[in-house]
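Here is the file final-v7.txt (compact mmCIF, C-alpha atoms).
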# COMPACT_ATOMS: atom_id res chain seq x y z
CA MET A 386 15.36 -41.69 42.37
CA GLN A 387 15.69 -38.94 39.76
CA THR A 388 18.61 -39.25 37.38
CA ALA A 389 20.94 -36.23 37.34
CA ILE A 390 20.92 -34.22 34.14
CA ASP A 391 24.26 -33.94 32.36
CA THR A 392 23.87 -30.33 31.28
CA ASP A 393 27.32 -30.14 29.68
CA ALA A 394 26.51 -33.08 27.42
CA ILE A 395 23.15 -31.55 26.53
CA ARG A 396 24.77 -28.21 25.70
CA LYS A 397 27.21 -29.92 23.34
CA ASN A 398 24.40 -31.97 21.80
CA ASN A 399 22.31 -28.85 21.25
CA HIS A 400 25.17 -27.06 19.53
CA ASP A 401 25.75 -30.11 17.33
CA GLN A 402 22.04 -30.29 16.52
CA LEU A 403 21.99 -26.66 15.42
CA VAL A 404 24.95 -27.25 13.09
CA ALA A 405 23.28 -30.42 11.78
CA TYR A 406 20.09 -28.43 11.16
CA TYR A 407 21.98 -25.98 8.98
CA ARG A 408 23.72 -28.86 7.19
CA SER A 409 20.34 -30.44 6.47
CA GLY A 410 19.54 -27.39 4.34
CA ILE A 411 22.33 -28.07 1.86
CA ALA A 412 20.68 -28.58 -1.52
CA GLN A 413 21.87 -31.21 -3.92
CA PRO A 414 24.01 -30.07 -6.88
CA GLY A 415 21.85 -29.59 -9.92
CA SER A 416 18.64 -29.19 -7.94
CA PRO A 417 16.25 -26.37 -8.94
CA LYS A 418 17.35 -22.86 -7.98
CA ARG A 419 14.31 -22.02 -5.92
CA LEU A 420 12.96 -18.73 -4.62
CA GLY A 421 10.81 -18.49 -1.51
CA VAL A 422 9.01 -15.13 -1.56
CA GLU A 423 7.22 -13.58 1.40
CA ILE A 424 5.22 -10.36 1.05
CA GLU A 425 3.64 -8.55 3.98
CA HIS A 426 0.68 -6.20 3.48
CA PHE A 427 -1.30 -3.65 5.42
CA ILE A 428 -5.06 -3.80 5.03
CA VAL A 429 -6.61 -0.34 5.17
CA THR A 430 -9.92 1.34 4.44
CA ASP A 431 -10.67 3.05 1.15
CA ASP A 432 -11.70 6.09 3.15
CA GLY A 433 -8.55 7.55 4.69
CA ASN A 434 -6.31 4.45 4.77
CA ALA A 435 -7.47 3.72 8.31
CA PRO A 436 -5.95 0.48 9.66
CA VAL A 437 -7.94 -2.74 9.55
CA CYS A 438 -7.13 -4.62 12.76
CA TYR A 439 -7.56 -8.27 13.70
CA GLU A 440 -10.99 -7.72 15.19
CA GLY A 441 -13.54 -5.58 13.40
CA ARG A 442 -14.42 -2.23 14.93
CA ASP A 443 -16.41 0.91 14.14
CA GLY A 444 -18.23 -0.88 11.34
CA ILE A 445 -15.00 -1.98 9.66
CA ILE A 446 -14.30 -5.65 9.04
CA GLY A 447 -11.42 -7.33 10.86
CA VAL A 448 -8.52 -9.31 9.45
CA GLN A 449 -9.99 -12.39 11.10
CA ASP A 450 -13.01 -11.91 8.80
CA ILE A 451 -10.61 -11.80 5.86
CA LEU A 452 -9.01 -15.06 6.99
CA HIS A 453 -12.41 -16.74 7.26
CA HIS A 454 -13.12 -15.68 3.68
CA LEU A 455 -9.74 -16.91 2.44
CA GLN A 456 -10.17 -20.28 4.15
CA ALA A 457 -12.20 -21.43 1.14
CA PHE A 458 -9.04 -21.04 -0.97
CA TYR A 459 -6.43 -21.96 1.68
CA PRO A 460 -8.14 -24.74 3.65
CA GLN A 461 -5.33 -25.77 6.02
CA ALA A 462 -6.03 -23.66 9.11
CA THR A 463 -3.95 -22.76 12.18
CA PHE A 464 -5.61 -21.62 15.39
CA GLY A 465 -4.46 -19.81 18.52
CA SER A 466 -4.71 -21.11 22.08
CA HIS A 467 -8.30 -19.82 22.38
CA GLY A 468 -9.49 -20.92 18.97
CA GLU A 469 -8.62 -17.76 17.05
CA LEU A 470 -8.00 -18.29 13.34
CA LEU A 471 -4.41 -17.14 12.78
CA GLY A 472 -3.12 -18.82 9.63
CA LEU A 473 -4.02 -20.67 6.44
CA ALA A 474 -2.23 -22.69 3.79
CA ASN A 475 -2.58 -24.65 0.57
CA GLU A 476 -0.08 -26.25 -1.77
CA THR A 477 1.02 -22.88 -3.21
CA GLY A 478 1.83 -21.14 0.06
CA SER A 479 0.73 -20.07 3.51
CA ILE A 480 -1.00 -17.00 4.91
CA THR A 481 0.01 -15.77 8.34
CA LEU A 482 -0.32 -12.62 10.41
CA GLU A 483 2.40 -10.32 11.64
CA PRO A 484 1.98 -8.78 15.11
CA ALA A 485 -0.51 -6.01 14.27
CA ALA A 486 -2.44 -8.04 11.68
CA GLN A 487 -0.22 -7.34 8.69
CA LEU A 488 -1.30 -10.01 6.23
CA GLU A 489 1.61 -12.07 4.92
CA ILE A 490 1.71 -14.60 2.13
CA SER A 491 4.67 -16.98 2.04
CA ILE A 492 4.75 -18.42 -1.46
CA ALA A 493 6.00 -21.98 -1.82
CA PRO A 494 9.53 -22.19 -3.25
CA TYR A 495 9.51 -22.01 -7.03
CA GLU A 496 12.30 -21.96 -9.57
CA ARG A 497 10.54 -19.71 -12.08
CA VAL A 498 9.47 -16.17 -11.28
CA ARG A 499 6.32 -16.63 -13.33
CA ASP A 500 5.24 -19.38 -10.90
CA VAL A 501 5.76 -16.93 -8.03
CA GLU A 502 3.60 -14.46 -9.97
CA THR A 503 0.89 -17.08 -10.57
CA ALA A 504 0.71 -17.99 -6.87
CA TYR A 505 0.59 -14.36 -5.81
CA ARG A 506 -2.05 -13.45 -8.39
CA ALA A 507 -4.23 -16.31 -7.11
CA PHE A 508 -3.90 -14.91 -3.58
CA ARG A 509 -4.89 -11.43 -4.68
CA ASP A 510 -7.73 -12.74 -6.85
CA ALA A 511 -9.16 -14.38 -3.73
CA LEU A 512 -8.48 -11.38 -1.48
CA ASP A 513 -9.16 -8.19 -3.43
CA PRO A 514 -12.85 -8.63 -4.38
CA PHE A 515 -13.73 -9.37 -0.74
CA LEU A 516 -11.86 -6.28 0.43
CA SER A 517 -13.55 -4.14 -2.21
CA GLN A 518 -16.98 -5.31 -1.06
CA HIS A 519 -16.12 -4.03 2.41
CA GLY A 520 -14.55 -0.72 1.48
CA CYS A 521 -10.96 -1.83 2.04
CA HIS A 522 -7.81 -2.49 0.02
CA VAL A 523 -4.21 -3.72 0.24
CA ALA A 524 -1.50 -1.16 0.97
CA SER A 525 2.01 -2.34 0.09
CA TYR A 526 4.49 -0.10 1.92
CA GLY A 527 7.46 -0.58 4.22
CA TYR A 528 5.70 1.38 6.96
CA HIS A 529 2.03 1.95 7.72
CA PRO A 530 0.59 4.63 5.41
CA SER A 531 -1.52 6.41 8.04
CA ALA A 532 -1.24 5.12 11.60
CA ARG A 533 1.29 5.54 14.35
CA ALA A 534 2.58 2.24 15.64
CA LEU A 535 1.15 2.37 19.16
CA GLU A 536 -2.31 2.99 17.73
CA LEU A 537 -2.24 -0.54 16.28
CA PRO A 538 -3.32 -3.37 18.62
CA LEU A 539 -1.51 -6.70 18.62
CA ILE A 540 -3.28 -9.83 17.44
CA PRO A 541 -4.19 -12.40 20.13
CA LYS A 542 -1.01 -14.46 19.93
CA GLU A 543 1.06 -15.12 23.06
CA ARG A 544 4.33 -15.06 21.16
CA TYR A 545 3.81 -11.42 20.25
CA ALA A 546 2.90 -10.43 23.80
CA PHE A 547 6.23 -11.87 25.02
CA MET A 548 8.14 -10.13 22.23
CA ASP A 549 6.39 -6.84 22.90
CA ALA A 550 7.30 -6.94 26.60
CA HIS A 551 10.91 -7.75 25.73
CA PHE A 552 11.25 -4.91 23.23
CA ALA A 553 9.57 -2.44 25.61
CA ARG A 554 12.65 -2.70 27.83
CA LEU A 555 14.94 -1.70 24.97
CA GLY A 556 13.34 1.37 23.38
CA THR A 557 10.58 2.46 21.02
CA HIS A 558 11.54 0.88 17.73
CA GLY A 559 10.64 -2.67 18.73
CA ALA A 560 7.02 -1.66 19.01
CA ARG A 561 7.25 0.16 15.69
CA MET A 562 8.87 -2.80 13.96
CA MET A 563 6.21 -5.20 15.22
CA ARG A 564 3.16 -3.08 14.56
CA ALA A 565 3.86 -0.77 11.65
CA SER A 566 6.50 -2.29 9.34
CA ALA A 567 6.11 -4.64 6.38
CA SER A 568 8.66 -6.30 4.12
CA THR A 569 9.36 -8.32 1.01
CA GLN A 570 11.69 -11.22 1.80
CA VAL A 571 13.31 -13.64 -0.61
CA SER A 572 14.90 -16.94 0.40
CA ILE A 573 17.48 -18.83 -1.65
CA ASP A 574 19.06 -22.28 -1.39
CA TYR A 575 22.68 -23.04 -0.62
CA TYR A 576 24.72 -25.97 -1.92
CA SER A 577 27.44 -26.26 0.71
CA GLU A 578 28.49 -24.57 3.93
CA GLU A 579 30.89 -22.43 1.93
CA ASP A 580 28.10 -21.42 -0.46
CA ALA A 581 25.82 -20.52 2.47
CA VAL A 582 28.51 -18.30 4.00
CA ARG A 583 29.26 -16.67 0.66
CA LYS A 584 25.61 -15.81 0.07
CA LEU A 585 25.20 -14.58 3.65
CA ARG A 586 28.16 -12.26 3.22
CA VAL A 587 27.15 -10.89 -0.18
CA ALA A 588 23.53 -10.34 0.90
CA THR A 589 24.62 -8.69 4.15
CA ALA A 590 27.12 -6.35 2.49
CA LEU A 591 24.62 -5.45 -0.24
CA GLY A 592 21.85 -4.84 2.31
CA PRO A 593 21.79 -1.04 2.14
CA VAL A 594 21.77 -1.13 -1.68
CA LEU A 595 18.95 -3.69 -1.74
CA ALA A 596 17.07 -1.57 0.79
CA TYR A 597 17.60 1.49 -1.41
CA ILE A 598 16.32 -0.32 -4.50
CA SER A 599 13.15 -1.40 -2.63
CA ASP A 600 12.78 1.77 -0.50
CA ASN A 601 9.04 2.30 -0.05
CA CYS A 602 8.26 4.29 3.11
CA PRO A 603 6.54 7.55 2.07
CA VAL A 604 5.00 7.85 5.55
CA PHE A 605 6.56 7.22 8.96
CA GLU A 606 4.56 7.46 12.18
CA GLY A 607 1.76 9.28 10.41
CA TYR A 608 3.93 11.99 8.83
CA PRO A 609 5.45 12.33 5.35
CA ASN A 610 8.89 10.74 5.25
CA THR A 611 11.76 11.96 3.08
CA GLU A 612 14.67 10.07 4.67
CA PRO A 613 15.76 6.96 2.77
CA LEU A 614 15.89 3.45 4.19
CA ALA A 615 13.51 4.18 7.07
CA ARG A 616 12.56 0.56 7.72
CA MET A 617 16.13 -0.79 7.62
CA ASN A 618 17.24 2.04 9.87
CA LEU A 619 14.43 1.23 12.30
CA TRP A 620 15.85 -2.27 12.76
CA ARG A 621 19.08 -0.71 14.10
CA ASP A 622 17.26 0.26 17.31
CA VAL A 623 15.19 -2.86 17.98
CA ASP A 624 17.52 -5.33 19.71
CA LYS A 625 21.22 -5.17 18.93
CA ALA A 626 21.85 -8.61 20.42
CA ARG A 627 19.77 -10.33 17.74
CA CYS A 628 19.40 -7.91 14.81
CA GLU A 629 21.64 -6.05 12.34
CA SER A 630 24.47 -8.16 10.80
CA ILE A 631 25.24 -11.63 12.13
CA PRO A 632 28.29 -11.07 14.38
CA GLY A 633 31.51 -12.12 12.69
CA VAL A 634 29.87 -13.00 9.38
CA PHE A 635 32.79 -11.42 7.46
CA ASP A 636 35.48 -13.03 9.63
CA GLU A 637 37.74 -15.67 8.17
CA GLY A 638 36.54 -19.10 9.29
CA PHE A 639 32.90 -18.08 9.87
CA GLY A 640 30.48 -20.94 9.32
CA PHE A 641 27.58 -22.92 10.72
CA ALA A 642 29.28 -23.44 14.09
CA ALA A 643 29.83 -19.70 14.58
CA CYS A 644 26.20 -19.02 13.76
CA ALA A 645 25.12 -21.65 16.29
CA ASP A 646 27.42 -20.05 18.88
CA TRP A 647 25.67 -16.71 18.39
CA LEU A 648 22.22 -18.20 18.89
CA LEU A 649 23.20 -20.14 21.98
CA ARG A 650 24.98 -17.30 23.77
CA THR A 651 21.97 -14.98 23.35
CA PRO A 652 18.76 -15.14 25.44
CA PRO A 653 15.88 -16.79 23.55
CA ILE A 654 13.30 -14.32 25.01
CA PHE A 655 11.01 -17.31 25.65
CA ILE A 656 10.89 -20.99 24.81
CA THR A 657 7.99 -23.18 23.75
CA ARG A 658 8.35 -26.42 25.70
CA PRO A 659 7.74 -27.40 29.34
CA ALA A 660 10.68 -27.84 31.69
CA ALA A 661 12.08 -31.38 31.64
CA ASN A 662 11.42 -31.75 35.39
CA ALA A 663 7.86 -30.40 35.06
CA PRO A 664 6.42 -31.89 31.85
CA ASP A 665 2.88 -30.84 32.79
CA GLY A 666 3.94 -27.25 33.34
CA PRO A 667 3.54 -24.32 30.96
CA ALA A 668 5.06 -24.67 27.50
CA LEU A 669 5.60 -20.95 26.87
CA ARG A 670 8.14 -19.74 29.40
CA LEU A 671 10.04 -16.46 29.66
CA PHE A 672 13.79 -16.65 30.19
CA GLY A 673 14.89 -13.06 30.70
CA ASP A 674 18.63 -12.67 30.23
CA MET A 675 19.54 -16.38 30.42
CA PRO A 676 21.54 -17.53 27.36
CA ALA A 677 19.81 -20.05 25.14
CA ALA A 678 22.56 -22.59 25.93
CA ASP A 679 21.36 -22.55 29.55
CA ALA A 680 17.66 -22.21 28.80
CA TYR A 681 17.76 -25.43 26.75
CA ALA A 682 20.24 -27.30 28.95
CA ASP A 683 17.57 -29.41 30.66
CA ALA A 684 16.82 -31.56 27.57
CA PRO A 685 18.09 -32.05 24.00
CA MET A 686 16.68 -29.60 21.49
CA GLU A 687 14.21 -30.94 18.98
CA LYS A 688 13.59 -29.54 15.51
CA SER A 689 10.73 -27.37 16.80
CA ASP A 690 13.02 -25.90 19.48
CA ILE A 691 15.68 -25.06 16.90
CA GLU A 692 13.19 -23.41 14.58
CA HIS A 693 11.70 -21.39 17.42
CA LEU A 694 15.12 -20.24 18.57
CA ILE A 695 16.10 -19.13 15.05
CA SER A 696 12.77 -17.28 14.78
CA MET A 697 13.77 -15.14 17.77
CA PHE A 698 16.63 -13.57 15.78
CA TRP A 699 16.10 -10.96 13.06
CA PRO A 700 19.40 -10.14 11.35
CA ASP A 701 19.40 -8.41 7.97
CA VAL A 702 20.07 -11.83 6.44
CA ARG A 703 19.03 -14.92 8.38
CA LEU A 704 20.40 -18.43 8.07
CA LYS A 705 17.80 -21.17 8.23
CA ARG A 706 17.83 -24.21 5.96
CA PHE A 707 18.10 -21.53 3.31
CA VAL A 708 19.41 -17.96 3.23
CA GLU A 709 16.65 -15.47 3.99
CA ILE A 710 17.26 -11.99 2.54
CA ARG A 711 15.24 -9.58 4.66
CA GLN A 712 16.14 -5.99 3.73
CA GLY A 713 13.39 -5.26 1.19
CA ASP A 714 10.35 -3.10 1.96
CA SER A 715 6.89 -4.36 1.09
CA LEU A 716 6.34 -3.62 -2.61
CA PRO A 717 3.48 -3.54 -5.11
CA ALA A 718 3.07 -6.78 -7.04
CA ASN A 719 5.04 -5.99 -10.21
CA GLU A 720 7.94 -4.60 -8.21
CA ALA A 721 7.88 -7.58 -5.84
CA TYR A 722 8.26 -9.92 -8.82
CA GLY A 723 11.13 -7.75 -9.98
CA TYR A 724 12.79 -7.95 -6.58
CA ALA A 725 12.52 -11.76 -6.64
CA ALA A 726 14.02 -11.79 -10.16
CA LEU A 727 16.84 -9.48 -9.04
CA ILE A 728 17.73 -11.79 -6.15
CA LYS A 729 17.64 -14.81 -8.45
CA GLY A 730 19.91 -13.17 -11.01
CA LEU A 731 22.39 -12.06 -8.37
CA PHE A 732 22.62 -15.06 -6.05
CA TYR A 733 22.22 -18.02 -8.40
CA ALA A 734 24.88 -16.94 -10.90
CA GLU A 735 28.62 -17.31 -10.35
CA GLU A 736 29.32 -14.36 -12.65
CA SER A 737 27.06 -12.10 -10.57
CA LEU A 738 28.50 -13.16 -7.22
CA SER A 739 32.07 -12.78 -8.48
CA ALA A 740 31.39 -9.30 -9.88
CA ILE A 741 29.79 -8.15 -6.63
CA GLU A 742 32.62 -9.56 -4.52
CA ALA A 743 35.17 -7.77 -6.68
CA ALA A 744 33.30 -4.48 -6.31
CA LEU A 745 33.13 -5.01 -2.55
CA GLY A 746 36.90 -5.39 -2.44
CA VAL A 747 37.07 -9.11 -1.70
CA ARG A 748 40.49 -10.50 -2.58
CA ASP A 749 41.56 -14.15 -2.30
CA GLY A 750 38.50 -14.85 -0.18
CA ILE A 751 39.34 -12.15 2.39
CA TRP A 752 36.55 -9.66 3.04
CA PRO A 753 37.45 -6.07 3.97
CA GLN A 754 34.07 -5.62 5.69
CA ASP A 755 33.50 -6.08 9.41
CA ASP A 756 30.60 -5.86 11.86
CA THR A 757 30.44 -2.05 11.49
CA SER A 758 30.41 -1.90 7.70
CA VAL A 759 26.69 -2.26 7.03
CA ASN A 760 25.75 0.43 9.54
CA ALA A 761 28.34 2.76 8.02
CA ALA A 762 26.92 2.17 4.53
CA LEU A 763 23.39 2.68 5.82
CA ALA A 764 24.39 5.99 7.44
CA GLU A 765 26.09 7.10 4.21
CA ILE A 766 22.92 6.50 2.18
CA ARG A 767 20.71 8.08 4.84
CA THR A 768 22.90 11.20 4.72
CA HIS A 769 23.71 11.50 1.02
CA GLY A 770 20.96 9.53 -0.74
CA GLU A 771 21.73 8.75 -4.37
CA ASN A 772 25.05 10.61 -4.02
CA ALA A 773 26.35 8.16 -1.41
CA TRP A 774 29.64 6.34 -2.00
CA LEU A 775 30.05 2.71 -0.95
CA CYS A 776 33.33 0.81 -1.30
CA GLY A 777 34.68 3.47 -3.64
CA MET A 778 31.67 3.45 -5.98
CA GLU A 779 28.70 5.79 -6.21
CA LEU A 780 25.33 4.35 -5.21
CA SER A 781 23.88 4.86 -8.70
CA ARG A 782 26.71 2.76 -10.11
CA TRP A 783 25.97 0.03 -7.57
CA VAL A 784 22.36 -0.02 -8.71
CA GLU A 785 23.44 -0.29 -12.35
CA LEU A 786 25.87 -3.09 -11.50
CA LEU A 787 23.20 -5.14 -9.75
CA PHE A 788 20.56 -4.75 -12.45
CA ASP A 789 23.04 -5.37 -15.27
CA ALA A 790 24.43 -8.49 -13.55
CA ALA A 791 20.96 -9.87 -12.86
CA ALA A 792 19.76 -9.18 -16.41
CA ALA A 793 22.80 -10.98 -17.85
CA ALA A 794 22.17 -14.01 -15.65
CA LEU A 795 18.40 -14.40 -16.00
CA PRO A 796 16.69 -16.25 -18.84
CA PRO A 797 15.18 -13.84 -21.40
CA ASP A 798 11.59 -14.38 -20.24
CA GLU A 799 12.51 -13.26 -16.70
CA VAL A 800 14.49 -10.11 -17.53
CA LYS A 801 11.17 -8.32 -18.09
CA TYR A 802 10.38 -8.61 -14.37
CA LEU A 803 13.25 -6.26 -13.57
CA HIS A 804 11.77 -3.31 -15.44
CA ALA A 805 9.19 -2.12 -12.88
CA LEU A 806 11.69 -2.34 -10.04
CA ARG A 807 14.38 -0.60 -12.09
CA HIS A 808 11.97 2.23 -12.72
CA ARG A 809 11.58 2.71 -8.94
CA THR A 810 15.27 3.50 -8.59
CA ARG A 811 15.07 6.28 -11.20
CA ARG A 812 13.32 8.59 -8.80

Would you encode the structure as structure tokens?
Amino acid sequence: MQTAIDTDAIRKNNHDQLVAYYRSGIAQPGSPKRLGVEIEHFIVTDDGNAPVCYEGRDGIIGVQDILHHLQAFYPQATFGSHGELLGLANETGSITLEPAAQLEISIAPYERVRDVETAYRAFRDALDPFLSQHGCHVASYGYHPSARALELPLIPKERYAFMDAHFARLGTHGARMMRASASTQVSIDYYSEEDAVRKLRVATALGPVLAYISDNCPVFEGYPNTEPLARMNLWRDVDKARCESIPGVFDEGFGFAACADWLLRTPPIFITRPAANAPDGPALRLFGDMPAADAYADAPMEKSDIEHLISMFWPDVRLKRFVEIRQGDSLPANEAYGYAALIKGLFYAEESLSAIEAALGVRDGIWPQDDTSVNAALAEIRTHGENAWLCGMELSRWVELLFDAAAAALPPDEVKYLHALRHRTRR
């Protein structure tokens, strides 16, 4: 006789497990102030910046060929369901592929920016000579420098096929985000729930300014682009249920439980485990519009379920067991180091956080922002560019504030990393 499933108890357990997962990310006081840096790249041909796809074609190598070459340097390999090589890793980081074969390196968390630089240089030293031999090179932009999104085929990964079908119901920008965008993301540690919420709020409110500082989309859908913040704006029309700002992040009382509530009331798109009553059935299963709380109500969530669910949400700033700051465009190496240094100087210094909060109008812990504030700031910059006003201060003054605060907080040997990025904003 089959035992009845207590779905209410499982739902409560799953919510508690999500909160516990976030709590497990709390770093110990005095632990290193680490940066996790992820940089996505397009691989294109020397002749015309034509896209290099997963599989070679028309005499051009494929990204899978690049992975096979890099496996000598990053020997831990990950394969798809049909044996396709899809990822690599070593002790300094991991190499993965975004949906249309954008090549991403996720550098292991380091405290010092120069260690981030060392790891990235080793990656490029392994990659660039091979590309040069085959008439190709790295293109670091927020949007593909030559192709239109739908010209770019997806890699053979079931996850991306499910996501693509989901986004196709919502509009055109999901396909563009998956296939033709690339970012620089920086992750930082938190030391309490309050610290996590504070960093989420500051990073979310600053998002349009950070996007402006890293703005790097000279081409959009094959045509010259002159509108600022193209990639961040694109995310506004991907999936409003799981993108943009985390709902309620500026509300008094927001915390881990509220973030878990958001995840569980939203459909997961698909899940990655068999049904509890059919353990030999398919692991990857679509769930349409069913909330995650119901989709996972047949069995307690495990760590892999939690991490998959979180991966199906793409807010400007994402809470994992760290705070993931996602608004930056893909940048050339020196500017990417500068972006990492900027984030370090802003988010690991009390003086920087306090100065930013004061400029944002935070008083006695009460935030004047709400769920509409980031989109309003984005629209202001899109319309007025460097002449935009945010929270009563001109955009150029915001940029000065952030660079000055970071420079004051960083050790002297890391201030130099800010220079290349600062030069970008003087355009």

Distance query segment 498-511 of chain A at most 9 Å, all atoms listed in the file, self and fewer than 2 positions along chain excluded, as an NGL selection string: :A and (420-422 or 454-455 or 458 or 477-478 or 490 or 492-496 or 513-515 or 718-719 or 722-723 or 725-726 or 729 or 798-799 or 802)

When you draw a straight line from atom CA of Thr430 of chain A to atom CA of Ile446 of chain A, how long is it in Å? 9.4 Å

Could you pull the residues within 12 Å of Glu742 of chain A, counting all atoms listed in the file, minus those fewer than 3 positions along the same chain, as a PDB file with C-alpha atoms, keeping the file's coordinate frame?
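Everything below was put into out10.pdb:
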ATOM      1  CA  ARG A 583      29.260 -16.670   0.660  1.00  0.00           C
ATOM      2  CA  LYS A 584      25.610 -15.810   0.070  1.00  0.00           C
ATOM      3  CA  ARG A 586      28.160 -12.260   3.220  1.00  0.00           C
ATOM      4  CA  VAL A 587      27.150 -10.890  -0.180  1.00  0.00           C
ATOM      5  CA  ALA A 588      23.530 -10.340   0.900  1.00  0.00           C
ATOM      6  CA  THR A 589      24.620  -8.690   4.150  1.00  0.00           C
ATOM      7  CA  ALA A 590      27.120  -6.350   2.490  1.00  0.00           C
ATOM      8  CA  LEU A 591      24.620  -5.450  -0.240  1.00  0.00           C
ATOM      9  CA  LEU A 731      22.390 -12.060  -8.370  1.00  0.00           C
ATOM     10  CA  PHE A 732      22.620 -15.060  -6.050  1.00  0.00           C
ATOM     11  CA  GLU A 735      28.620 -17.310 -10.350  1.00  0.00           C
ATOM     12  CA  GLU A 736      29.320 -14.360 -12.650  1.00  0.00           C
ATOM     13  CA  SER A 737      27.060 -12.100 -10.570  1.00  0.00           C
ATOM     14  CA  LEU A 738      28.500 -13.160  -7.220  1.00  0.00           C
ATOM     15  CA  SER A 739      32.070 -12.780  -8.480  1.00  0.00           C
ATOM     16  CA  LEU A 745      33.130  -5.010  -2.550  1.00  0.00           C
ATOM     17  CA  GLY A 746      36.900  -5.390  -2.440  1.00  0.00           C
ATOM     18  CA  VAL A 747      37.070  -9.110  -1.700  1.00  0.00           C
ATOM     19  CA  ARG A 748      40.490 -10.500  -2.580  1.00  0.00           C
ATOM     20  CA  ASP A 749      41.560 -14.150  -2.300  1.00  0.00           C
ATOM     21  CA  GLY A 750      38.500 -14.850  -0.180  1.00  0.00           C
ATOM     22  CA  ILE A 751      39.340 -12.150   2.390  1.00  0.00           C
ATOM     23  CA  TRP A 752      36.550  -9.660   3.040  1.00  0.00           C
ATOM     24  CA  PRO A 753      37.450  -6.070   3.970  1.00  0.00           C
ATOM     25  CA  GLN A 754      34.070  -5.620   5.690  1.00  0.00           C
ATOM     26  CA  CYS A 776      33.330   0.810  -1.300  1.00  0.00           C
ATOM     27  CA  LEU A 786      25.870  -3.090 -11.500  1.00  0.00           C
ATOM     28  CA  LEU A 787      23.200  -5.140  -9.750  1.00  0.00           C
TER      29      LEU A 787
END

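Our summary of the geometry notes that atom CA of Gly410 of chain A is positioned 25.7 Å from atom CA of Asp679 of chain A.
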
Could you name the residues that touch Ala642 of chain A at 8 Å or less, counting all atoms listed in the file, but leaving out those on the same chain fewer than 4 positions away, as an NGL selection string? :A and (400 or 404 or 646)

Rank A:Glu476, A:Glu612, A:Asp574, A:Asp431 by their smallest atom-to-atom distance to Ala764 of chain A, using all atoms listed in the file, and report the top residue only.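 Using all atoms listed in the file, the shortest distance to Ala764 of chain A belongs to A:Glu612.
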
Compute the distance from (-9.6, -13.2, 12.3) to each atom, counting all atoms listed in the file, keep the residues with any atom at most 12 Å away, and return them as a ChimeraX atom specification; use the coordinates of the file. /A:437-441,446-456,462-465,468-473,480-482,485-488,540-542

To one decimal place, how far is atom CA of Thr810 of chain A from atom CA of Leu614 of chain A in Å? 12.8 Å

Long-range neighbours of Phe552 of chain A as a PyMOL selection string, 9 Å cut-off, all atoms listed in the file, 6 positions minimum in chain: chain A and resi 558-560+623-624

Write a file of the just-selected residues containing C-alpha atoms, as a CSV table (one decimal), keeping the file's coordinate frame.
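For reference, part_37.csv as written:
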chain,number,residue,atom,x,y,z
A,558,HIS,CA,11.5,0.9,17.7
A,559,GLY,CA,10.6,-2.7,18.7
A,560,ALA,CA,7.0,-1.7,19.0
A,623,VAL,CA,15.2,-2.9,18.0
A,624,ASP,CA,17.5,-5.3,19.7

Give me the residues near segment 411-413 of chain A as a PyMOL selection string, where near means some atom within 7 Å (using all atoms listed in the file) and where sequence neighbours in that chain fewer than 4 positions away do not count. chain A and resi 574-577

Of the candidates A:Asp701, A:Glu765, A:Asp789, A:Asp393, which one gets nearest to Glu629 of chain A if we count all atoms listed in the file? A:Asp701

Residue with smallest distance to Glu578 of chain A - pool A:Ser758, A:Ser781, A:Gln461, A:Ser409, counting all atoms listed in the file: A:Ser409

Just give me the residues with any atom within 12 Å of (10.4, -13.2, 14.7), file coordinates, counting only C-alpha atoms, written as a ChimeraX atom specification. /A:482-484,544-545,547-549,552,559,562-563,623-624,627-628,653-655,692-700,703,711

Selected residue of minimal separation from Asn618 of chain A among A:Ser566, A:Asn662, A:Asn398, A:Ser491, counting only C-alpha atoms: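 Answer, going by the shortest atom-to-atom distance: A:Ser566.
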
Just checking: using only C-alpha atoms, which residue out of A:Asp714, A:Glu779, A:Asp683, A:Asp674 ends up closest to Ala565 of chain A?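 Ranked by minimum distance to Ala565 of chain A, first place goes to A:Asp714.
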
Nearest to Pro676 of chain A among A:Leu537, A:Ala626, A:Ile710, A:Leu716, with distances taken over only C-alpha atoms: which residue is it? A:Ala626
